[in-house]
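**Student:** One structure is given below, represented as structure tokens, and several questions about it will come after.
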Amino acid sequence: MAARGWRRAAAIAAARPGGGGPGRAPGSEPAPEPTAPATAALYVHWPYCRKRCSYCNFNKYVVPAVDEVAVGACLVREARTLLHLSQVQSITSVFFGGGTPSLASPRTVAAVLEAVAGAAHLPAGAEVTLEANPSSADTLRLASFRAAGVNRLSIGVQSLDDAELRLLGREHTAAEARGAVEAARGLFPGRTSIDLLFGLPGQSREAWARGLEAALGLCDDHLSLYQLTLERGTALAVQVWGGTLPTPPQDLLADMYHTARATLVSAGFRHYEVSNFARKGALSTHNLSYWRAEQYIGVGPGAHGRFVPRGEGGCSREARVQTLEPDAWMREVQSRGHGTRRRVVLSPLEQLEELLALGLRTDEGITHERWGHFSPHLSLDAVFGGPGEAKDLQELGWLVLDGGGLRCSWGGLALLDSLLPTLLCQLQQRWAPSGSGAAPNAEAPRKSPAGDGDNGEAVGHSGLPGAVSSGGGE
């Protein structure tokens, strides 16, 4: 289905009473503003890859053949079911992650977008991102995805050095990565992101600096940089922990990160999130919805979501996880319309903890207005403005609390992992004696906004979406 198909469906849905979806469930307070319909971002997980890279432990599968008709039909059905369950009126962005979604047929992508536009309002200009591997991103294929409705690409380059790519077990070469990015920039000018990994075993400071310069000569207006994490059960972790490959020293990793920040900012990029840089306003709308703790719906095997199931009378935000294994997930979707395996109602405090952990990843931090949506009875100033460790962090210059809200300083952003435990502890201490039993207004209508990434989101402690993954199919 070409892009005009889902845009036509979106126009039909918008013409229905309520703009394509009912409002809040009775008893949910406060009532939404009539001019601000309930919104959500949508993540779609394509779980298949041609091979598993040496560092990857994401929910992905290498199989001899994929029944794409069946998988596509289940993605469509689950999207419709969960959109009906959430009763959101408008989808702010769509992200196809994986796995390697550029291995899917453009027809499958178009069918999902058509289903979304038929169930809720999907604006014609909404950001629709597809992760792509350089090895499945030739010009003709990318043009077909654009015709299907994709308007932004996240390409998993990871490195522009052939030796490093072999170490990572990547399928492409540096030359193929350059060709894919150039083709993408021609088709998606200003809307092509590339991912890079640093902290590889044996990687030197000089090699990383050279790689950054090469990336700057190739990239568009968005880059995502991720420190390589050794995950249990991966081939690379076995080699490093077994002593075959060296472990990068922590001071070298910190130096690589600081080098990247300085290099990219001097080239005109805004360091708008711990792992993400953009210039000319090319921020990722979809990932911003995660970091701003907005609603998002996860479709596909292993996908995560955060939304209020108003369609069944719910009035509290839930953390939801879909069944991991694709065949089991398909059986569940075919039998009951969705493959939700786990759902947990988030307490008011848990929602604030997520907001704090995610919001401080960005340079904008957490505004007073956004905090107030979740906590109308306990302000940012009440939690972090008085005497305590948060005040000490402000005096040390790592944290800022002012009229704009709470955020890390430039130096504090690089230390966020060290700061968060202290801040979460202070939140918990202030919350307990506050006596605030009222649930925060977690789902008050908010401004529409969202790693790029491998799994759409990488799940950290307590199931929080952390550094949104390392994109482009691995």
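Letters for chains follow the order of the structure tokens (A, B, ...), residue numbers begin at 1 for each chain, and ligand numbers begin at 1 in the order shown.
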Write out as a PyMOL selection string each polymer residue whose atoms come within 6 Å of stretch 317-330 of chain A, counting only C-alpha atoms; drop sequence neighbours fewer than 4 positions from it.
**Tutor:** chain A and resi 301-308+339-346
**Student:** Output N, CA and C atoms for every residue in that selection, as a PDB file, in the first residue's frame.
**Tutor:**
```pdb
ATOM      1  N   PRO A 301       6.650  -9.058  18.656  1.00  0.00           N
ATOM      2  CA  PRO A 301       7.266  -9.919  19.675  1.00  0.00           C
ATOM      3  C   PRO A 301       8.228  -9.160  20.581  1.00  0.00           C
ATOM      4  N   GLY A 302       7.974  -9.222  21.886  1.00  0.00           N
ATOM      5  CA  GLY A 302       8.874  -8.609  22.850  1.00  0.00           C
ATOM      6  C   GLY A 302       8.766  -7.106  22.990  1.00  0.00           C
ATOM      7  N   ALA A 303       7.860  -6.480  22.265  1.00  0.00           N
ATOM      8  CA  ALA A 303       7.744  -5.022  22.330  1.00  0.00           C
ATOM      9  C   ALA A 303       7.214  -4.589  23.697  1.00  0.00           C
ATOM     10  N   HIS A 304       7.655  -3.416  24.143  1.00  0.00           N
ATOM     11  CA  HIS A 304       7.208  -2.838  25.404  1.00  0.00           C
ATOM     12  C   HIS A 304       6.268  -1.672  25.134  1.00  0.00           C
ATOM     13  N   GLY A 305       5.389  -1.395  26.080  1.00  0.00           N
ATOM     14  CA  GLY A 305       4.488  -0.260  25.965  1.00  0.00           C
ATOM     15  C   GLY A 305       4.201   0.354  27.316  1.00  0.00           C
ATOM     16  N   ARG A 306       3.734   1.595  27.283  1.00  0.00           N
ATOM     17  CA  ARG A 306       3.281   2.300  28.482  1.00  0.00           C
ATOM     18  C   ARG A 306       2.028   3.071  28.075  1.00  0.00           C
ATOM     19  N   PHE A 307       0.868   2.603  28.486  1.00  0.00           N
ATOM     20  CA  PHE A 307      -0.351   3.338  28.176  1.00  0.00           C
ATOM     21  C   PHE A 307      -1.479   2.937  29.114  1.00  0.00           C
ATOM     22  N   VAL A 308      -2.538   3.724  29.088  1.00  0.00           N
ATOM     23  CA  VAL A 308      -3.729   3.454  29.886  1.00  0.00           C
ATOM     24  C   VAL A 308      -4.720   2.674  29.027  1.00  0.00           C
ATOM     25  N   GLY A 339      -0.697 -10.191  21.747  1.00  0.00           N
ATOM     26  CA  GLY A 339       0.192 -11.131  22.420  1.00  0.00           C
ATOM     27  C   GLY A 339       0.780 -10.573  23.687  1.00  0.00           C
ATOM     28  N   THR A 340       0.003  -9.763  24.422  1.00  0.00           N
ATOM     29  CA  THR A 340       0.515  -9.204  25.674  1.00  0.00           C
ATOM     30  C   THR A 340       0.759 -10.319  26.676  1.00  0.00           C
ATOM     31  N   ARG A 341       1.999 -10.461  27.115  1.00  0.00           N
ATOM     32  CA  ARG A 341       2.366 -11.517  28.041  1.00  0.00           C
ATOM     33  C   ARG A 341       2.359 -11.018  29.481  1.00  0.00           C
ATOM     34  N   ARG A 342       2.728  -9.755  29.671  1.00  0.00           N
ATOM     35  CA  ARG A 342       2.829  -9.227  31.032  1.00  0.00           C
ATOM     36  C   ARG A 342       2.332  -7.793  31.059  1.00  0.00           C
ATOM     37  N   ARG A 343       1.524  -7.485  32.066  1.00  0.00           N
ATOM     38  CA  ARG A 343       1.039  -6.120  32.237  1.00  0.00           C
ATOM     39  C   ARG A 343       1.024  -5.796  33.728  1.00  0.00           C
ATOM     40  N   VAL A 344       1.570  -4.636  34.061  1.00  0.00           N
ATOM     41  CA  VAL A 344       1.684  -4.218  35.458  1.00  0.00           C
ATOM     42  C   VAL A 344       1.198  -2.782  35.565  1.00  0.00           C
ATOM     43  N   VAL A 345       0.258  -2.538  36.465  1.00  0.00           N
ATOM     44  CA  VAL A 345      -0.190  -1.173  36.721  1.00  0.00           C
ATOM     45  C   VAL A 345       0.918  -0.441  37.468  1.00  0.00           C
ATOM     46  N   LEU A 346       1.318   0.693  36.949  1.00  0.00           N
ATOM     47  CA  LEU A 346       2.394   1.465  37.563  1.00  0.00           C
ATOM     48  C   LEU A 346       1.827   2.368  38.650  1.00  0.00           C
TER      49      LEU A 346
END
```
**Student:** Within 9 Å of stretch 225-239 of chain A, which residues of stretch 50-155 of chain A come that close, and what is the closest atom pair and distance in Å for each? Count only C-alpha atoms and give it as a tab-separated table.
**Tutor:**
```
residue	atom	partner	partner_atom	distance
A:Cys53	CA	A:Ala235	CA	8.3
A:Ser54	CA	A:Ala235	CA	4.9
A:Tyr55	CA	A:Leu236	CA	5.4
A:Cys56	CA	A:Thr234	CA	6.4
A:Asn57	CA	A:Thr234	CA	6.5
```
**Student:** Could you write those residues out with all heavy atoms, as a CSV table (one decimal), in the first residue's frame?
**Tutor:**
```
chain,number,residue,atom,x,y,z
A,53,CYS,N,24.9,-10.7,15.5
A,53,CYS,CA,26.2,-10.0,15.6
A,53,CYS,C,26.8,-10.5,17.0
A,53,CYS,O,26.1,-11.0,17.9
A,53,CYS,CB,26.1,-8.5,15.6
A,53,CYS,SG,25.5,-7.9,14.0
A,54,SER,N,28.1,-10.3,17.1
A,54,SER,CA,28.8,-10.9,18.2
A,54,SER,C,28.5,-10.3,19.5
A,54,SER,O,28.8,-10.8,20.6
A,54,SER,CB,30.4,-10.8,17.9
A,54,SER,OG,30.7,-9.4,17.9
A,55,TYR,N,27.9,-9.0,19.5
A,55,TYR,CA,27.7,-8.3,20.7
A,55,TYR,C,26.2,-8.3,21.1
A,55,TYR,O,25.8,-7.7,22.1
A,55,TYR,CB,28.2,-6.9,20.6
A,55,TYR,CG,27.5,-6.1,19.5
A,55,TYR,CD1,26.4,-5.3,19.7
A,55,TYR,CD2,28.0,-6.2,18.2
A,55,TYR,CE1,25.7,-4.7,18.7
A,55,TYR,CE2,27.4,-5.5,17.2
A,55,TYR,CZ,26.3,-4.7,17.4
A,55,TYR,OH,25.7,-4.1,16.4
A,56,CYS,N,25.3,-8.9,20.3
A,56,CYS,CA,23.9,-8.6,20.4
A,56,CYS,C,23.2,-9.6,21.2
A,56,CYS,O,23.3,-10.8,21.0
A,56,CYS,CB,23.3,-8.6,18.9
A,56,CYS,SG,21.5,-8.4,19.0
A,57,ASN,N,22.3,-9.1,22.1
A,57,ASN,CA,21.5,-10.0,22.9
A,57,ASN,C,20.0,-9.5,22.9
A,57,ASN,O,19.2,-9.8,23.7
A,57,ASN,CB,21.9,-10.1,24.4
A,57,ASN,CG,21.6,-8.9,25.2
A,57,ASN,OD1,21.4,-7.8,24.6
A,57,ASN,ND2,21.4,-9.1,26.5
```
**Student:** For the strand (DSSP E) assignment from backbone DSSP, which residues of stretch 151-343 of chain A qualify? Please present them as a PyMOL selection string.
**Tutor:** chain A and resi 152-158+192-198+222-227+270-273+276-278+296-299+304-307+318-322+340-343
**Student:** Write out as a PyMOL selection string each polymer residue whose atoms come within 8 Å of A:Val109, counting only C-alpha atoms; drop sequence neighbours fewer than 3 positions from it.
**Tutor:** chain A and resi 104-106+112-113+145+148-149
**Student:** To test your reading of the structure, identify every residue in stretch 138-210 of chain A that backbone DSSP assigns to alpha helix (DSSP H), and report it as an MDAnalysis selection string.
**Tutor:** chainID A and resid 139:148 162:168 174:187 205:210
**Student:** What's around stretch 258-267 of chain A at 10 Å? Count only C-alpha atoms, leave out sequence neighbours fewer than 5 positions away in its own chain, and write the answer as a compact mmCIF listing (two decimals) with C-alpha atoms, in the first residue's frame.
**Tutor:**
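Contents of result38.txt, as written:
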```txt
# COMPACT_ATOMS: atom_id res chain seq x y z
CA PHE A 198 32.60 3.02 20.75
CA ARG A 205 41.43 6.84 21.39
CA TRP A 208 37.78 6.40 17.67
CA ALA A 209 38.69 9.99 16.75
CA LEU A 212 34.21 10.18 14.29
CA GLU A 213 35.80 12.37 11.64
CA LEU A 216 31.09 13.57 10.22
CA LEU A 223 23.88 10.62 15.07
CA LEU A 225 26.55 7.04 19.79
CA LEU A 252 39.51 5.52 28.13
CA LEU A 253 35.74 5.01 27.70
CA VAL A 274 22.84 11.15 26.53
CA SER A 275 23.46 9.12 23.35
CA ASN A 276 21.96 11.36 20.67
CA PHE A 277 23.10 14.39 18.70
CA ALA A 278 21.21 16.47 16.13
CA ARG A 279 21.62 19.64 14.14
CA TRP A 410 26.77 19.76 30.62
CA GLY A 411 29.14 17.99 33.00
CA ALA A 414 28.05 12.58 31.42
```
**Student:** Atom CA of A:Ser204 and atom CA of A:Asp161 are how many Å apart?
**Tutor:** 12.6 Å
**Student:** If I take atom CA of A:Ala382 and atom CA of A:Tyr272, how far is one from the other in Å, to one decimal?
**Tutor:** 26.4 Å
**Student:** Might you pull out every residue within 7 Å of A:Leu358, with only C-alpha atoms counted and same-chain residues fewer than 3 positions away left off, and present them as a list in words?
**Tutor:**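 Contacts, with the query itself left out: Trp291, Arg292, Glu354, Leu355 and Arg361 of chain A.
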**Student:** Please save C-alpha atoms of the selected residues as a PDB file, in the first residue's frame.
**Tutor:**
```pdb
ATOM      1  CA  TRP A 291      12.253  10.449  27.292  1.00  0.00           C
ATOM      2  CA  ARG A 292       9.305  12.732  28.018  1.00  0.00           C
ATOM      3  CA  GLU A 354      10.395   6.656  35.206  1.00  0.00           C
ATOM      4  CA  LEU A 355       9.908  10.326  34.432  1.00  0.00           C
ATOM      5  CA  ARG A 361      18.717  11.892  29.885  1.00  0.00           C
TER       6      ARG A 361
END
```
**Student:** Using only C-alpha atoms, which residue out of A:Leu406, A:Ala207, A:Leu399, A:Val66 lies closest to A:Ser379?
**Tutor:** A:Leu406
**Student:** Excluding same-chain residues fewer than 6 positions from A:Arg80, what lies within 9 Å of it counting only C-alpha atoms, as a list in words?
**Tutor:**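 The neighbour list is Ala115, Val116, Gly118, Ala119 and Gly337 of chain A.
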**Student:** Just write the chosen residues, C-alpha atoms, as a PDB file, in the first residue's frame.
**Tutor:**
```pdb
ATOM      1  CA  ALA A 115      -4.057  -0.179   9.893  1.00  0.00           C
ATOM      2  CA  VAL A 116      -2.771   2.488  12.262  1.00  0.00           C
ATOM      3  CA  GLY A 118      -7.608   3.429  10.101  1.00  0.00           C
ATOM      4  CA  ALA A 119      -7.732   3.028  13.882  1.00  0.00           C
ATOM      5  CA  GLY A 337      -6.010 -10.295  18.963  1.00  0.00           C
TER       6      GLY A 337
END
```
**Student:** Find the residues near A:Asp138: any atom within 9 Å, counting only C-alpha atoms, skip ones fewer than 2 places away on the same chain, and give them as a PyMOL selection string.
**Tutor:** chain A and resi 134-136+140-143+179-180+183-184
**Student:** Go ahead and write the residues just picked, C-alpha atoms, as a PDB file, in the first residue's frame.
**Tutor:**
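result_7.pdb was written with the following content:
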```pdb
ATOM      1  CA  PRO A 134      23.515  -1.248   5.213  1.00  0.00           C
ATOM      2  CA  SER A 135      23.345  -4.749   3.704  1.00  0.00           C
ATOM      3  CA  SER A 136      19.589  -4.409   3.085  1.00  0.00           C
ATOM      4  CA  LEU A 140      15.592   0.708  -4.912  1.00  0.00           C
ATOM      5  CA  ARG A 141      14.588  -0.894  -1.618  1.00  0.00           C
ATOM      6  CA  LEU A 142      14.797   2.372   0.280  1.00  0.00           C
ATOM      7  CA  ALA A 143      12.693   4.075  -2.390  1.00  0.00           C
ATOM      8  CA  GLY A 179      26.871   3.641   0.028  1.00  0.00           C
ATOM      9  CA  ALA A 180      23.765   3.010   2.127  1.00  0.00           C
ATOM     10  CA  ALA A 183      21.539   6.534  -0.869  1.00  0.00           C
ATOM     11  CA  ALA A 184      19.446   7.260   2.223  1.00  0.00           C
TER      12      ALA A 184
END
```
